[in-house]
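Engineer: final.csv is reproduced in full below (CSV, C-alpha atoms).
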chain,number,residue,atom,x,y,z
A,1,MET,CA,97.0,108.6,72.8
A,2,LEU,CA,98.1,110.6,75.8
A,3,PRO,CA,101.7,110.2,77.0
A,4,GLU,CA,102.2,107.7,79.8
A,5,VAL,CA,103.2,109.4,83.1
A,6,VAL,CA,106.4,108.1,84.6
A,7,ALA,CA,107.2,109.1,88.2
A,8,HIS,CA,110.8,110.3,88.1
A,9,ARG,CA,112.6,108.7,91.2
A,10,GLY,CA,109.0,108.3,92.6
A,11,ALA,CA,106.7,111.2,93.4
A,12,SER,CA,110.0,113.1,94.2
A,13,ALA,CA,108.5,116.6,94.3
A,14,ASP,CA,106.6,115.5,97.4
A,15,MET,CA,108.7,112.8,99.0
A,16,ALA,CA,112.5,112.1,99.2
A,17,GLU,CA,113.7,110.6,95.9
A,18,HIS,CA,114.3,106.9,95.6
A,19,THR,CA,112.5,106.1,98.9
A,20,LEU,CA,109.7,103.5,99.2
A,21,ALA,CA,107.4,106.3,100.3
A,22,ALA,CA,108.0,108.2,97.1
A,23,TYR,CA,107.1,105.2,94.9
A,24,GLU,CA,104.1,104.3,97.0
A,25,LEU,CA,102.8,107.8,96.6
A,26,ALA,CA,103.4,107.7,92.9
A,27,ILE,CA,101.3,104.6,92.6
A,28,ALA,CA,98.6,106.2,94.8
A,29,GLN,CA,98.7,109.1,92.4
A,30,ARG,CA,98.1,106.6,89.5
A,31,ALA,CA,101.4,107.0,87.7
A,32,ASP,CA,101.6,104.8,84.7
A,33,GLY,CA,105.3,104.0,85.4
A,34,LEU,CA,108.0,104.4,88.0
A,35,GLU,CA,111.6,105.5,87.2
A,36,CYS,CA,114.7,104.6,89.2
A,37,ASP,CA,118.5,104.8,88.9
A,38,VAL,CA,120.6,101.8,89.9
A,39,ARG,CA,124.2,101.4,91.1
A,40,LEU,CA,126.1,98.5,92.6
A,41,SER,CA,127.2,98.4,96.2
A,42,ARG,CA,130.7,97.1,97.0
A,43,ASP,CA,129.1,93.7,97.8
A,44,GLY,CA,127.2,93.5,94.5
A,45,GLU,CA,123.7,94.6,95.4
A,46,LEU,CA,121.7,96.9,93.0
A,47,VAL,CA,120.6,100.0,95.0
A,48,CYS,CA,118.4,102.9,93.9
A,49,VAL,CA,120.7,105.9,94.1
A,50,HIS,CA,121.2,108.5,91.4
A,51,ASP,CA,124.5,110.2,92.4
A,52,ARG,CA,127.9,108.6,92.5
A,53,THR,CA,128.1,109.5,96.2
A,54,VAL,CA,125.5,109.3,99.0
A,55,ASP,CA,126.2,112.9,100.2
A,56,ARG,CA,123.3,114.7,98.6
A,57,THR,CA,120.5,112.2,99.4
A,58,SER,CA,121.5,110.7,102.7
A,59,ASP,CA,123.0,111.8,106.1
A,60,GLY,CA,126.2,110.1,105.2
A,61,HIS,CA,129.3,110.6,103.0
A,62,GLY,CA,131.0,108.3,100.6
A,63,VAL,CA,131.0,106.7,97.1
A,64,VAL,CA,128.2,104.2,96.6
A,65,SER,CA,130.3,101.6,94.8
A,66,THR,CA,132.8,101.5,97.7
A,67,MET,CA,130.2,101.0,100.4
A,68,THR,CA,128.7,97.7,101.6
A,69,MET,CA,125.0,97.2,102.1
A,70,ALA,CA,125.6,97.2,105.8
A,71,GLU,CA,127.1,100.7,105.5
A,72,LEU,CA,124.4,102.0,103.2
A,73,ASN,CA,121.7,100.7,105.4
A,74,ARG,CA,123.1,102.6,108.4
A,75,LEU,CA,122.2,105.8,106.6
A,76,SER,CA,119.0,107.8,106.5
A,77,TRP,CA,117.8,108.6,103.0
A,78,GLY,CA,115.5,111.6,103.7
A,79,ASP,CA,112.3,109.8,104.8
A,80,GLY,CA,113.3,109.5,108.4
A,81,LYS,CA,114.1,105.8,108.0
A,82,ARG,CA,117.4,103.9,107.9
A,83,GLY,CA,118.2,101.7,104.9
A,84,VAL,CA,118.8,102.2,101.2
A,85,LEU,CA,116.1,101.2,98.8
A,86,THR,CA,117.2,98.1,96.7
A,87,LEU,CA,115.9,97.3,93.3
A,88,ASP,CA,114.8,93.9,94.6
A,89,THR,CA,112.4,95.7,97.0
A,90,LEU,CA,111.2,98.2,94.3
A,91,LEU,CA,110.4,95.3,91.9
A,92,GLY,CA,107.9,94.2,94.5
A,93,LEU,CA,105.8,97.2,93.6
A,94,VAL,CA,105.6,96.3,89.9
A,95,LYS,CA,102.0,95.3,89.3
A,96,PRO,CA,99.9,95.1,86.1
A,97,GLY,CA,99.5,98.6,84.7
A,98,VAL,CA,102.6,100.0,86.4
A,99,ARG,CA,105.8,99.8,84.4
A,100,LEU,CA,109.3,100.2,85.9
A,101,PHE,CA,112.0,102.2,84.0
A,102,VAL,CA,115.4,101.3,85.3
A,103,GLU,CA,118.4,103.5,84.4
A,104,THR,CA,121.8,102.0,84.7
A,105,LYS,CA,124.4,104.7,85.6
A,106,HIS,CA,127.7,104.9,83.7
A,107,PRO,CA,130.6,105.3,83.8
A,108,VAL,CA,131.0,103.2,86.9
A,109,ARG,CA,133.9,101.0,88.3
A,110,TYR,CA,131.9,97.8,87.7
A,111,GLY,CA,131.2,98.4,84.0
A,112,GLY,CA,129.0,95.8,82.4
A,113,LEU,CA,128.5,93.9,85.7
A,114,VAL,CA,125.7,96.4,86.4
A,115,GLU,CA,123.6,95.1,83.4
A,116,ALA,CA,124.5,91.5,84.1
A,117,LYS,CA,123.3,91.8,87.7
A,118,LEU,CA,120.2,93.6,86.6
A,119,VAL,CA,119.2,91.0,84.1
A,120,ALA,CA,119.9,88.2,86.6
A,121,LEU,CA,117.6,90.0,89.2
A,122,LEU,CA,114.9,90.5,86.6
A,123,ALA,CA,115.1,86.8,85.7
A,124,ARG,CA,114.6,85.8,89.4
A,125,HIS,CA,111.4,87.9,89.3
A,126,GLY,CA,110.3,86.4,86.0
A,127,LEU,CA,110.7,89.7,84.2
A,128,ALA,CA,113.7,89.3,81.9
A,129,ARG,CA,111.8,87.6,79.0
A,130,PRO,CA,108.5,89.5,78.4
A,131,LYS,CA,106.2,88.2,75.6
A,132,ASP,CA,105.8,91.6,74.1
A,133,LYS,CA,108.2,94.6,74.4
A,134,ASP,CA,105.3,97.0,74.3
A,135,GLU,CA,103.7,95.3,77.3
A,136,SER,CA,106.9,94.6,79.2
A,137,PRO,CA,106.6,95.5,83.0
A,138,VAL,CA,110.3,96.6,82.9
A,139,VAL,CA,112.2,99.0,80.5
A,140,VAL,CA,116.0,99.4,80.8
A,141,MET,CA,117.6,102.8,80.1
A,142,SER,CA,121.0,104.4,79.9
A,143,PHE,CA,122.9,107.3,78.5
A,144,SER,CA,125.6,104.7,77.6
A,145,ALA,CA,125.1,103.2,74.2
A,146,ARG,CA,127.4,100.3,75.3
A,147,ALA,CA,125.0,99.5,78.2
A,148,VAL,CA,122.0,99.5,75.9
A,149,HIS,CA,123.9,97.2,73.5
A,150,ARG,CA,124.7,94.9,76.4
A,151,ILE,CA,121.0,94.6,77.4
A,152,ARG,CA,120.1,93.9,73.8
A,153,ARG,CA,122.7,91.1,73.7
A,154,ILE,CA,122.0,89.4,77.0
A,155,ALA,CA,118.2,90.0,77.3
A,156,PRO,CA,117.0,90.8,73.7
A,157,LYS,CA,113.3,90.7,74.7
A,158,LEU,CA,113.6,93.6,77.2
A,159,PRO,CA,112.7,97.0,75.7
A,160,THR,CA,115.4,99.7,76.0
A,161,VAL,CA,115.7,103.5,76.0
A,162,ILE,CA,118.8,105.3,74.9
A,163,LEU,CA,118.9,108.6,76.9
A,164,VAL,CA,120.3,111.5,75.0
A,165,GLY,CA,121.5,115.0,75.8
A,166,THR,CA,122.5,117.5,73.1
A,167,LYS,CA,124.8,115.3,71.1
A,168,VAL,CA,123.9,113.1,68.1
A,169,THR,CA,121.4,110.4,68.9
A,170,PRO,CA,122.9,106.9,68.8
A,171,ARG,CA,121.2,104.4,66.6
A,172,VAL,CA,120.3,102.0,69.4
A,173,GLY,CA,117.4,101.4,71.7
A,174,ASP,CA,113.7,100.7,71.1
A,175,TYR,CA,112.9,104.2,72.4
A,176,VAL,CA,114.9,107.4,72.5
A,177,GLY,CA,115.0,109.6,75.6
A,178,PRO,CA,115.6,113.3,75.0
A,179,GLY,CA,115.6,115.9,77.7
A,180,ILE,CA,112.8,118.5,77.7
A,181,GLU,CA,115.3,121.2,76.8
A,182,ARG,CA,116.0,119.4,73.5
A,183,LEU,CA,112.3,119.3,72.6
A,184,ARG,CA,111.9,123.0,73.4
A,185,ALA,CA,114.8,123.8,71.1
A,186,ASP,CA,113.8,121.4,68.3
A,187,PRO,CA,110.1,120.5,68.4
A,188,ASP,CA,110.5,118.4,65.3
A,189,TYR,CA,112.8,116.0,67.1
A,190,VAL,CA,109.9,113.7,68.1
A,191,ALA,CA,108.7,113.4,64.5
A,192,LYS,CA,112.2,112.8,63.2
A,193,ALA,CA,113.3,110.3,65.8
A,194,GLY,CA,111.9,107.3,64.0
A,195,ARG,CA,110.9,105.6,67.2
A,196,PRO,CA,108.8,106.5,70.3
A,197,THR,CA,110.2,109.0,72.7
A,198,TYR,CA,110.7,109.1,76.5
A,199,CYS,CA,111.1,112.7,77.6
A,200,TRP,CA,112.7,113.8,80.9
A,201,THR,CA,112.2,115.7,83.3
A,202,VAL,CA,108.9,117.3,82.6
A,203,ASP,CA,107.3,119.3,85.5
A,204,ASP,CA,106.3,122.7,84.0
A,205,PRO,CA,102.7,122.7,82.7
A,206,ALA,CA,103.8,124.3,79.4
A,207,ASP,CA,106.3,121.5,78.9
A,208,VAL,CA,103.7,118.8,79.7
A,209,GLN,CA,101.4,120.2,77.1
A,210,LEU,CA,104.3,120.5,74.6
A,211,CYS,CA,105.0,116.8,75.1
A,212,ARG,CA,101.4,115.9,74.6
A,213,ASP,CA,101.1,118.0,71.5
A,214,LEU,CA,104.3,116.5,70.0
A,215,GLY,CA,103.2,112.9,70.6
A,216,VAL,CA,105.8,111.9,73.2
A,217,ARG,CA,105.1,108.4,74.4
A,218,PHE,CA,106.4,108.6,78.0
A,219,VAL,CA,106.8,111.7,80.2
A,220,ALA,CA,109.1,111.4,83.2
A,221,THR,CA,108.1,113.9,85.9
A,222,ASN,CA,108.7,114.6,89.6
A,223,LYS,CA,105.0,115.5,89.8
A,224,PRO,CA,102.9,112.6,88.6
A,225,ALA,CA,99.6,113.8,90.0
A,226,ALA,CA,99.9,117.3,88.6
A,227,THR,CA,101.2,116.1,85.2
A,228,SER,CA,98.4,113.5,84.8
A,229,ALA,CA,95.8,116.3,85.6
A,230,ILE,CA,97.3,118.5,82.9
A,231,LEU,CA,97.3,115.7,80.3
A,232,ARG,CA,93.7,114.8,81.0
A,233,GLY,CA,92.5,118.4,80.9
A,234,THR,CA,91.3,118.5,84.5
A,235,VAL,CA,93.4,121.6,85.3
A,236,PRO,CA,91.8,124.9,84.5
A,237,GLY,CA,93.2,126.4,81.3
A,238,THR,CA,94.3,123.0,79.8
A,239,HIS,CA,92.6,120.7,77.4
A,240,SER,CA,92.8,117.0,76.7
A,241,THR,CA,93.2,115.5,73.2
A,242,GLU,CA,92.4,112.0,74.5
A,243,VAL,CA,90.0,110.1,72.4
A,244,MET,CA,87.3,108.5,74.5
Can you present the structure in this file as structure tokens?
Structural biologist:
Amino acid sequence: MLPEVVAHRGASADMAEHTLAAYELAIAQRADGLECDVRLSRDGELVCVHDRTVDRTSDGHGVVSTMTMAELNRLSWGDGKRGVLTLDTLLGLVKPGVRLFVETKHPVRYGGLVEAKLVALLARHGLARPKDKDESPVVVMSFSARAVHRIRRIAPKLPTVILVGTKVTPRVGDYVGPGIERLRADPDYVAKAGRPTYCWTVDDPADVQLCRDLGVRFVATNKPAATSAILRGTVPGTHSTEVM
């Protein structure tokens, strides 16, 4: 099987990250999945922002967790429009065949409230209790083993990914999420992991082919269209191992 292509913060090489336009483009480019980061606003809304502050990705300044939705919505987020993207809105794009990977950011001032709010929102959308983890429309991820444990405790049917850097891989999560640098340094990591892998962030054609050759399950990329083309062998100089 070829890896599934997950659009990292949307088609973020072409559109401003974490904007509705970036996710709509990723879907148009036939990404298998969408990835987002979530944080809580001061008034308890889950918003799609990667950084602790709004400084890099908006025309404003401040810490996300100290700002209200009214304050966040007054900012422009790189697409020429006002208003931060909420997870509630993004969930409206989840359709059959498109999976959403939600990363909860830690450490944060609200601690486990992030996961509690996330599961409550998924429950309102009918997504917190999938019949099958492999077919779940939503996957929850974190670099925090405590966050993954919380999801396993309060929503045991949701699939989880433990994201890892260079340190020892915690024994938690249905999937393990190494960075591409780790796979370059240790190509045997995928085979030794003992569970399917989610690799981030894979944009270079050689890295895409490495993930395919190693049997990575999910490839997170800023370039979903180009990555899909490489995996399917529709780019000159590449070949597909997909069984028809």
Engineer: I want to know what sits within 12 Å of Val64 (chain A), based on all atoms listed in the file, with residues of the same chain fewer than 5 positions away left out; could you give that as an MDAnalysis selection string?
Structural biologist: chainID A and resid 38:58 69:73 75 84 105 108:110
Engineer: I'd like the neighbourhood of region 228-230 of chain A as a PyMOL selection string, where a residue qualifies if any of its atoms comes within 12 Å (using only C-alpha atoms), though same-chain residues fewer than 6 positions away should be ignored.
Structural biologist: chain A and resi 2-7+26+29-33+202-212+218-222+236-242
Engineer: Show me the residues around (109.8, 111.7, 95.3) - criterion: an atom at most 9 Å away, only C-alpha atoms counted - as a ChimeraX atom specification.
Structural biologist: /A:7-19,21-23,25-26,222-223
Engineer: Pull the neighbourhood of (102.9, 99.5, 86.5) for me: all residues within 9 Å in file coordinates, counting only C-alpha atoms, as a ChimeraX atom specification.
Structural biologist: /A:27,31-34,93-100,137-138
Engineer: If we count all atoms listed in the file, what is near Asp174 (chain A) at a cut-off of 8 Å, once residues fewer than 6 positions away on the same chain are taken out, given as an MDAnalysis selection string?
Structural biologist: chainID A and resid 159:162 195:196
Engineer: Using C-alpha atoms, can you write the selected residues to a file as a compact mmCIF listing (two decimals), keeping the file's coordinate frame?
Structural biologist:
# COMPACT_ATOMS: atom_id res chain seq x y z
CA PRO A 159 112.70 97.00 75.70
CA THR A 160 115.40 99.70 76.00
CA VAL A 161 115.70 103.50 76.00
CA ILE A 162 118.80 105.30 74.90
CA ARG A 195 110.90 105.60 67.20
CA PRO A 196 108.80 106.50 70.30
Engineer: Please identify all polymer residues within 12 Å of Ala145 (chain A), counting only C-alpha atoms, omitting same-chain residues fewer than 5 positions from it, and present them as a list in words.
Structural biologist: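 Final neighbour list, sorted by chain and number: Thr104, Lys105, His106, Pro107, Gly112, Val140, Arg150, Ile151, Arg152, Thr160, Val161, Ile162, Leu163, Val164, Val168, Thr169, Pro170, Arg171, Val172, Gly173 and Val176 of chain A.
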Engineer: Between A:Thr197, A:Thr66, A:Ser136, A:Ser144, which has the minimum distance to Glu103 (chain A) (counting all atoms listed in the file)?
Structural biologist: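 The closest residue to Glu103 (chain A) is A:Ser144.
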Engineer: In Å, with one decimal, what is the gap from CA of Val114 (chain A) to CA of Pro130 (chain A)?
Structural biologist: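 Separation of CA of Val114 (chain A) and CA of Pro130 (chain A): 20.2 Å.
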Engineer: Using CA of Arg232 (chain A) and CA of Glu135 (chain A) as the two end points, give the distance in Å to one decimal.
Structural biologist: 22.2 Å
Engineer: In terms of the shortest atom-to-atom distance over all atoms listed in the file, which of A:Leu121, A:Met67, A:Ala225, A:Ala128 is closest to Asp88 (chain A)?
Structural biologist: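 Using all atoms listed in the file, Asp88 (chain A) sits closest to A:Leu121.
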Engineer: With distances taken over only C-alpha atoms, which of A:Cys36, A:Val102, A:Ala28, A:Ala155 is nearest to Ala116 (chain A)?
Structural biologist: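 Result for the nearest residue to Ala116 (chain A): A:Ala155.
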Engineer: Applying 9 Å and only C-alpha atoms, which residues near region 187-189 of chain A remain after dropping the ones on its own chain fewer than 5 positions away? List them as an mmCIF file with C-alpha atoms, keeping the file's coordinate frame.
Structural biologist:
data_model
loop_
_atom_site.group_PDB
_atom_site.id
_atom_site.type_symbol
_atom_site.label_atom_id
_atom_site.label_comp_id
_atom_site.auth_asym_id
_atom_site.auth_seq_id
_atom_site.Cartn_x
_atom_site.Cartn_y
_atom_site.Cartn_z
ATOM 1 C CA PRO A 178 115.600 113.300 75.000
ATOM 2 C CA ARG A 182 116.000 119.400 73.500
ATOM 3 C CA LEU A 210 104.300 120.500 74.600
ATOM 4 C CA LEU A 214 104.300 116.500 70.000
#
Engineer: What does the structure give for the distance between CA of Phe101 (chain A) and CA of Asp37 (chain A), in Å to one decimal?
Structural biologist: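 Going from CA of Phe101 (chain A) over to CA of Asp37 (chain A) covers 8.5 Å.
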